[in-house]
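Next comes final10.txt, a file with compact mmCIF, C-alpha atoms.
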```
# COMPACT_ATOMS: atom_id res chain seq x y z
CA MET A 895 -22.56 -98.39 -0.92
CA ARG A 896 -24.90 -100.60 -2.93
CA HIS A 897 -27.64 -98.68 -1.18
CA LEU A 898 -26.74 -95.76 -3.46
CA ALA A 899 -27.84 -97.58 -6.59
CA LEU A 900 -31.29 -97.95 -5.08
CA ILE A 901 -31.57 -94.56 -3.43
CA PHE A 902 -30.01 -92.42 -6.16
CA GLY A 903 -32.02 -94.29 -8.78
CA SER A 904 -35.29 -93.10 -7.41
CA ILE A 905 -35.55 -90.83 -4.57
CA LEU A 906 -33.81 -87.49 -4.89
CA PHE A 907 -36.22 -84.88 -5.33
CA VAL A 908 -37.26 -81.64 -6.52
CA ILE A 909 -39.08 -79.62 -8.67
CA MET A 910 -40.64 -76.75 -7.19
CA ALA A 911 -43.59 -75.01 -8.45
CA GLN A 912 -46.00 -72.28 -8.32
CA SER A 913 -48.84 -72.68 -5.95
CA PRO A 914 -51.96 -70.71 -5.41
CA THR A 915 -52.56 -67.06 -4.85
CA LEU A 916 -55.39 -66.86 -2.47
CA ALA A 917 -58.09 -64.28 -1.95
CA ILE A 918 -60.33 -64.47 1.09
CA ASP A 919 -63.92 -63.24 1.31
CA THR A 920 -66.44 -63.84 4.04
CA ASP A 921 -67.34 -67.35 2.85
CA LYS A 922 -64.78 -68.57 0.33
CA VAL A 923 -61.05 -68.94 -0.25
CA THR A 924 -60.13 -68.46 -3.92
CA ILE A 925 -56.94 -70.11 -5.16
CA LYS A 926 -55.27 -68.72 -8.27
CA ASN A 927 -51.74 -69.41 -9.51
CA SER A 928 -49.32 -66.60 -10.38
CA PHE A 929 -45.61 -65.74 -10.60
CA GLU A 930 -43.32 -62.89 -11.63
CA ASN A 931 -41.04 -63.20 -14.65
CA GLY A 932 -37.61 -64.27 -13.42
CA GLU A 933 -38.89 -65.10 -9.93
CA VAL A 934 -36.71 -67.51 -7.95
CA ARG A 935 -37.93 -69.72 -5.12
CA GLU A 936 -35.61 -71.90 -3.07
CA TYR A 937 -36.59 -74.77 -0.80
CA LYS A 938 -35.04 -77.14 1.71
CA VAL A 939 -36.18 -80.76 1.52
CA ASP A 940 -35.58 -83.32 4.28
CA VAL A 941 -36.36 -86.98 3.61
CA THR A 942 -36.19 -90.23 5.57
CA ILE A 943 -36.70 -93.65 3.99
CA LYS A 944 -37.16 -96.86 5.96
CA GLY A 945 -38.19 -100.28 4.72
CA ASN A 946 -37.09 -103.51 3.13
CA PHE A 947 -36.70 -103.79 -0.63
CA PRO A 948 -35.00 -106.18 -3.06
CA ASN A 949 -31.46 -105.14 -3.96
CA PRO A 950 -31.61 -104.18 -7.68
CA GLU A 951 -28.33 -106.05 -8.30
CA THR A 952 -28.71 -109.24 -6.23
CA LYS A 953 -32.54 -109.29 -5.98
CA GLN A 954 -32.14 -110.21 -2.30
CA PRO A 955 -34.10 -108.29 0.37
CA MET A 956 -32.15 -105.53 2.07
CA ASP A 957 -33.00 -103.07 4.80
CA ILE A 958 -33.19 -99.39 3.92
CA ASP A 959 -32.63 -96.70 6.56
CA THR A 960 -31.60 -93.52 4.79
CA ALA A 961 -31.88 -89.78 5.37
CA MET A 962 -31.39 -86.96 2.87
CA SER A 963 -31.30 -83.20 3.06
CA PHE A 964 -30.94 -80.93 0.05
CA LYS A 965 -31.75 -77.52 -1.39
CA ILE A 966 -33.43 -76.89 -4.71
CA ARG A 967 -34.10 -73.81 -6.83
CA HIS A 968 -37.09 -72.96 -9.04
CA ARG A 969 -36.80 -70.17 -11.55
CA TYR A 970 -39.85 -68.95 -13.46
CA THR A 971 -39.57 -67.47 -16.94
CA ARG A 972 -41.96 -65.62 -19.23
CA ARG A 973 -44.86 -67.50 -20.78
CA ASP A 974 -44.40 -68.47 -24.42
CA LYS A 975 -46.87 -67.47 -27.12
CA ASP A 976 -48.50 -70.88 -26.77
CA GLY A 977 -49.32 -70.07 -23.14
CA LEU A 978 -46.78 -72.44 -21.57
CA ALA A 979 -44.56 -71.13 -18.75
CA PRO A 980 -41.12 -72.77 -18.46
CA LEU A 981 -40.04 -73.50 -14.88
CA GLU A 982 -36.32 -74.24 -14.47
CA ILE A 983 -35.48 -76.67 -11.64
CA SER A 984 -32.00 -77.30 -10.27
CA LEU A 985 -30.33 -78.93 -7.29
CA ARG A 986 -28.15 -76.52 -5.29
CA GLU A 987 -26.53 -78.77 -2.65
CA GLY A 988 -27.27 -81.64 -0.32
CA GLU A 989 -26.17 -84.75 1.51
CA VAL A 990 -27.37 -88.31 2.03
CA THR A 991 -26.79 -90.36 5.19
CA ILE A 992 -26.57 -94.15 4.73
CA ASP A 993 -25.61 -96.47 7.58
CA GLY A 994 -24.37 -93.44 9.51
CA GLN A 995 -22.11 -92.28 6.66
CA LYS A 996 -22.72 -88.83 5.18
CA ILE A 997 -22.12 -88.34 1.46
CA SER A 998 -22.31 -84.97 -0.28
CA ILE A 999 -24.72 -84.56 -3.15
CA THR A 1000 -23.32 -82.34 -5.89
CA PRO A 1001 -25.56 -80.58 -8.43
CA SER A 1002 -23.90 -82.51 -11.26
CA LEU A 1003 -25.50 -85.74 -9.99
CA TYR A 1004 -28.95 -84.55 -11.01
CA PRO A 1005 -30.10 -83.12 -14.32
CA LYS A 1006 -31.51 -79.65 -14.63
CA LEU A 1007 -35.20 -80.01 -15.43
CA THR A 1008 -37.59 -77.71 -17.25
CA ALA A 1009 -41.29 -78.08 -16.48
CA LEU A 1010 -43.85 -76.56 -18.83
CA LEU A 1011 -46.89 -75.18 -16.98
CA ASP A 1012 -50.06 -74.32 -18.85
CA ILE A 1013 -52.28 -71.34 -18.15
CA ASP A 1014 -54.00 -73.24 -15.32
CA PHE A 1015 -50.62 -74.40 -13.94
CA VAL A 1016 -51.20 -77.99 -14.95
CA ILE A 1017 -47.88 -79.72 -15.74
CA SER A 1018 -47.88 -80.13 -19.52
CA ASN A 1019 -44.43 -81.72 -19.80
CA ILE A 1020 -41.10 -82.07 -18.03
CA ILE A 1021 -37.92 -81.92 -20.12
CA GLY A 1022 -34.66 -83.52 -18.99
CA ILE A 1023 -36.09 -86.41 -16.97
CA GLU A 1024 -33.81 -89.40 -16.39
CA LEU A 1025 -35.93 -92.54 -16.15
CA PRO A 1026 -35.54 -94.61 -12.95
CA LYS A 1027 -33.36 -97.69 -13.19
CA PRO A 1028 -35.08 -101.11 -13.13
CA GLY A 1029 -35.80 -102.16 -9.56
CA ALA A 1030 -35.48 -98.61 -8.20
CA LEU A 1031 -37.60 -97.70 -5.20
CA PRO A 1032 -40.88 -96.19 -6.42
CA GLY A 1033 -42.30 -93.08 -4.79
CA ILE A 1034 -42.28 -89.30 -4.83
CA ASN A 1035 -38.90 -88.37 -6.26
CA TYR A 1036 -36.82 -85.89 -8.23
CA ASN A 1037 -38.80 -86.53 -11.41
CA ASN A 1038 -42.37 -86.20 -10.12
CA MET A 1039 -42.10 -84.09 -6.95
CA LEU A 1040 -43.46 -81.05 -8.76
CA MET A 1041 -46.99 -82.35 -8.28
CA LEU A 1042 -46.79 -81.38 -4.59
CA PHE A 1043 -46.45 -77.66 -5.31
CA TYR A 1044 -49.73 -76.93 -7.08
CA LEU A 1045 -53.45 -77.22 -6.56
CA PRO A 1046 -54.71 -77.97 -10.09
CA GLY A 1047 -58.37 -77.68 -10.88
CA PRO A 1048 -60.97 -74.89 -11.00
CA THR A 1049 -60.07 -71.63 -9.32
CA GLN A 1050 -63.55 -71.02 -7.94
CA GLY A 1051 -63.86 -70.11 -4.30
CA ARG A 1052 -63.69 -72.98 -1.83
CA ALA A 1053 -65.28 -73.12 1.58
CA LEU A 1054 -63.39 -74.36 4.61
CA GLY A 1055 -63.89 -78.11 4.77
CA GLU A 1056 -64.65 -78.40 1.05
CA THR A 1057 -63.12 -81.33 -0.84
CA TRP A 1058 -62.27 -81.64 -4.55
CA ASP A 1059 -60.39 -84.10 -6.77
CA PHE A 1060 -57.96 -83.92 -9.67
CA LYS A 1061 -55.50 -86.16 -11.52
CA VAL A 1062 -51.83 -85.45 -12.35
CA MET A 1063 -50.14 -87.35 -15.20
CA PHE A 1064 -46.50 -87.68 -16.26
CA PRO A 1065 -46.61 -89.27 -19.74
CA ALA A 1066 -42.80 -89.49 -20.00
CA LEU A 1067 -42.72 -91.51 -16.76
CA LYS A 1068 -45.93 -93.43 -17.51
CA GLU A 1069 -47.21 -92.35 -14.09
CA ALA A 1070 -50.58 -90.96 -12.98
CA TYR A 1071 -51.81 -89.86 -9.54
CA ASN A 1072 -55.24 -89.11 -8.08
CA PHE A 1073 -55.46 -86.27 -5.55
CA LYS A 1074 -58.27 -85.74 -3.04
CA ASN A 1075 -57.88 -82.24 -1.59
CA THR A 1076 -59.50 -80.70 1.47
CA LEU A 1077 -59.24 -77.03 2.47
CA LYS A 1078 -58.76 -77.44 6.21
CA SER A 1079 -58.19 -73.99 7.69
CA LEU A 1080 -56.61 -70.56 7.51
CA GLU A 1081 -53.58 -70.24 9.78
CA THR A 1082 -50.57 -68.01 10.36
CA VAL A 1083 -47.33 -69.37 8.89
CA ASN A 1084 -44.11 -67.32 9.02
CA GLY A 1085 -46.12 -64.32 10.13
CA ALA A 1086 -48.62 -64.43 7.26
CA LYS A 1087 -52.01 -66.04 6.64
CA ALA A 1088 -51.93 -69.29 4.71
CA ALA A 1089 -54.39 -71.85 3.41
CA MET A 1090 -53.84 -75.26 4.98
CA VAL A 1091 -54.66 -78.08 2.57
CA LYS A 1092 -54.72 -81.82 3.15
CA GLN A 1093 -54.08 -83.99 0.10
CA GLU A 1094 -54.61 -87.75 -0.15
CA ILE A 1095 -52.53 -89.09 -3.06
CA ASN A 1096 -52.79 -92.46 -4.78
CA ARG A 1097 -50.92 -93.77 -7.79
CA VAL A 1098 -53.26 -95.07 -10.51
CA PRO A 1099 -52.73 -96.64 -13.96
CA MET A 1100 -52.22 -94.41 -16.97
CA PRO A 1101 -55.24 -94.26 -19.30
CA LEU A 1102 -55.56 -97.41 -21.46
CA SER A 1103 -52.65 -99.07 -19.64
CA THR A 1104 -53.03 -102.64 -18.36
CA ASP A 1105 -49.52 -102.93 -16.88
CA PRO A 1106 -49.26 -103.53 -13.11
CA ILE A 1107 -48.04 -100.52 -11.16
CA PRO A 1108 -46.31 -100.05 -7.79
CA GLN A 1109 -48.54 -99.07 -4.92
CA LEU A 1110 -48.23 -95.54 -3.60
CA LYS A 1111 -50.39 -93.91 -0.96
CA ALA A 1112 -49.41 -90.56 0.50
CA THR A 1113 -50.85 -87.78 2.64
CA ALA A 1114 -49.58 -84.21 2.32
CA GLN A 1115 -50.33 -81.42 4.80
CA SER A 1116 -49.37 -78.16 3.08
CA ALA A 1117 -49.51 -74.39 3.61
CA PHE A 1118 -49.86 -71.94 0.72
CA ALA A 1119 -49.21 -68.18 1.00
CA PRO A 1120 -52.01 -65.71 0.18
CA SER A 1121 -49.94 -63.05 -1.62
CA ASN A 1122 -48.38 -65.05 -4.46
CA GLY A 1123 -49.25 -68.70 -3.85
CA LYS A 1124 -45.85 -69.87 -2.69
CA LEU A 1125 -45.72 -73.23 -0.98
CA LEU A 1126 -44.57 -72.25 2.51
CA LYS A 1127 -44.19 -75.72 3.96
CA SER A 1128 -45.40 -79.27 3.53
CA HIS A 1129 -45.17 -82.56 5.42
CA ILE A 1130 -45.67 -85.75 3.43
CA ASP A 1131 -46.12 -89.32 4.68
CA CYS A 1132 -45.80 -91.87 1.89
CA GLU A 1133 -46.09 -95.67 1.78
CA VAL A 1134 -44.81 -97.52 -1.30
CA ALA A 1135 -44.72 -101.14 -2.44
CA LEU A 1136 -42.71 -102.43 -5.38
CA ILE A 1137 -45.48 -104.59 -6.85
CA ALA A 1138 -49.18 -103.77 -6.84
CA SER A 1139 -50.98 -106.42 -4.80
CA SER A 1140 -54.05 -108.31 -5.95
CA ALA A 1141 -57.40 -107.45 -4.41
CA GLY A 1142 -57.47 -108.50 -0.80
CA GLU A 1143 -53.75 -109.29 -0.65
CA SER A 1144 -51.03 -107.28 1.04
CA SER A 1145 -47.58 -106.73 -0.45
CA PRO A 1146 -44.71 -108.75 1.05
CA LYS A 1147 -42.85 -107.01 3.85
CA SER A 1148 -39.67 -107.13 1.73
CA ASN A 1149 -41.35 -104.97 -0.91
CA ARG A 1150 -42.43 -102.05 1.26
CA ALA A 1151 -40.99 -98.76 2.45
CA SER A 1152 -42.13 -95.66 4.34
CA ILE A 1153 -41.02 -92.21 3.21
CA LYS A 1154 -41.37 -89.02 5.23
CA MET A 1155 -40.65 -85.67 3.62
CA ASP A 1156 -40.61 -82.09 4.88
CA ILE A 1157 -40.44 -79.14 2.50
CA SER A 1158 -39.77 -75.60 3.72
CA LEU A 1159 -39.46 -72.34 1.80
CA LEU A 1160 -36.05 -70.64 2.14
CA LYS A 1161 -36.78 -67.58 0.01
```
As structure tokens, please, write out the structure in this file.
Amino acid sequence: MRHLALIFGSILFVIMAQSPTLAIDTDKVTIKNSFENGEVREYKVDVTIKGNFPNPETKQPMDIDTAMSFKIRHRYTRRDKDGLAPLEISLREGEVTIDGQKISITPSLYPKLTALLDIDFVISNIIGIELPKPGALPGINYNNMLMLFYLPGPTQGRALGETWDFKVMFPALKEAYNFKNTLKSLETVNGAKAAMVKQEINRVPMPLSTDPIPQLKATAQSAFAPSNGKLLKSHIDCEVALIASSAGESSPKSNRASIKMDISLLK
């Protein structure tokens, strides 16, 4: 059960968010975020974590082989006069499997979060975050998962194959991430056309910070709906290391873990 201190301290996710509305002309795909007041979106998230990390209590290496499945809800509310749109995020239900033992996840285990989205759907702030415990497994988790549901940046038309960059920052967590995005194709998902986007994600230092950071490299393959920008599905492969390695050095095997995540829209 000591696994729970590590797993629950870092990797239970959510935060769903508005993605792009997309308009298609003969040459370009235009991505533009939108939502309806009071709109609710629910998602299923499946996660597997495998690796070897120091136990936060004993500091000794321990194997991690964990699976999680849970449902989350996003509820959009009217924009304030300052232009910010509150997005309410809550856990509905779930379970975690550790060493073959299934344990129910109740909503009370995780705080309700409120993300503030600006007019361009950049995350301005997240209220209600509980900071990870010291030694917790770094990665994409309940606090920062929202970054997977948007395509920040200019809303100009993009050609198939076009690549663009942006940065996402979470000041309360002291975390920043660089995204390299590529519009791969237009495909049919759940009976509707969707934009398929590949995202290469790397954790980077916060501006002016000199503190060492954990390593995080991830690749997301995501589908966004044309009518209202909902994230229809996403598959994420993520590699994390507890301590950032020096140039030319690799992190010890006992400090590394692989995380696979699948997100699917329920309604």
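CA of Leu1003 (chain A) lies 17.8 Å from CA of Thr960 (chain A).
Between CA of Arg935 (chain A) and CA of Arg969 (chain A) the separation is 6.5 Å.
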**OP:** Find the residues near Glu936 (chain A): any atom within 12 Å, counting all atoms listed in the file, skip ones fewer than 4 places away on the same chain, and give them as a PyMOL selection string.
**Re:** chain A and resi 908-912+964-970+982-987+1124-1127+1157-1161
Save the residues we just selected, C-alpha atoms, as an mmCIF file, in the frame of the given file?
```cif
data_model
loop_
_atom_site.group_PDB
_atom_site.id
_atom_site.type_symbol
_atom_site.label_atom_id
_atom_site.label_comp_id
_atom_site.auth_asym_id
_atom_site.auth_seq_id
_atom_site.Cartn_x
_atom_site.Cartn_y
_atom_site.Cartn_z
ATOM 1 C CA VAL A 908 -37.260 -81.640 -6.520
ATOM 2 C CA ILE A 909 -39.080 -79.620 -8.670
ATOM 3 C CA MET A 910 -40.640 -76.750 -7.190
ATOM 4 C CA ALA A 911 -43.590 -75.010 -8.450
ATOM 5 C CA GLN A 912 -46.000 -72.280 -8.320
ATOM 6 C CA PHE A 964 -30.940 -80.930 0.050
ATOM 7 C CA LYS A 965 -31.750 -77.520 -1.390
ATOM 8 C CA ILE A 966 -33.430 -76.890 -4.710
ATOM 9 C CA ARG A 967 -34.100 -73.810 -6.830
ATOM 10 C CA HIS A 968 -37.090 -72.960 -9.040
ATOM 11 C CA ARG A 969 -36.800 -70.170 -11.550
ATOM 12 C CA TYR A 970 -39.850 -68.950 -13.460
ATOM 13 C CA GLU A 982 -36.320 -74.240 -14.470
ATOM 14 C CA ILE A 983 -35.480 -76.670 -11.640
ATOM 15 C CA SER A 984 -32.000 -77.300 -10.270
ATOM 16 C CA LEU A 985 -30.330 -78.930 -7.290
ATOM 17 C CA ARG A 986 -28.150 -76.520 -5.290
ATOM 18 C CA GLU A 987 -26.530 -78.770 -2.650
ATOM 19 C CA LYS A 1124 -45.850 -69.870 -2.690
ATOM 20 C CA LEU A 1125 -45.720 -73.230 -0.980
ATOM 21 C CA LEU A 1126 -44.570 -72.250 2.510
ATOM 22 C CA LYS A 1127 -44.190 -75.720 3.960
ATOM 23 C CA ILE A 1157 -40.440 -79.140 2.500
ATOM 24 C CA SER A 1158 -39.770 -75.600 3.720
ATOM 25 C CA LEU A 1159 -39.460 -72.340 1.800
ATOM 26 C CA LEU A 1160 -36.050 -70.640 2.140
ATOM 27 C CA LYS A 1161 -36.780 -67.580 0.010
#
```
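Between CA of Ala1088 (chain A) and CA of Trp1058 (chain A) the separation is 18.6 Å.
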Per-residue nearest contacts of region 1066-1134 of chain A to region 1017-1035 of chain A (10 Å; all atoms listed in the file) as a tab-separated table:
```
residue	atom	partner	partner_atom	distance
A:Ala1066	CA	A:Ile1020	CA	7.9
A:Leu1067	CA	A:Leu1025	CA	6.9
A:Arg1097	CA	A:Gly1033	CA	9.2
A:Ile1107	CA	A:Pro1032	CA	9.6
A:Pro1108	CA	A:Pro1032	CA	6.8
A:Gln1109	CA	A:Pro1032	CA	8.3
A:Leu1110	CA	A:Gly1033	CA	6.5
A:Lys1111	CA	A:Gly1033	CA	9.0
A:Ala1112	CA	A:Ile1034	CA	9.0
A:Ile1130	CA	A:Ile1034	CA	9.6
A:Cys1132	CA	A:Gly1033	CA	7.6
A:Glu1133	CA	A:Gly1033	CA	8.0
A:Val1134	CA	A:Gly1033	CA	6.2
```
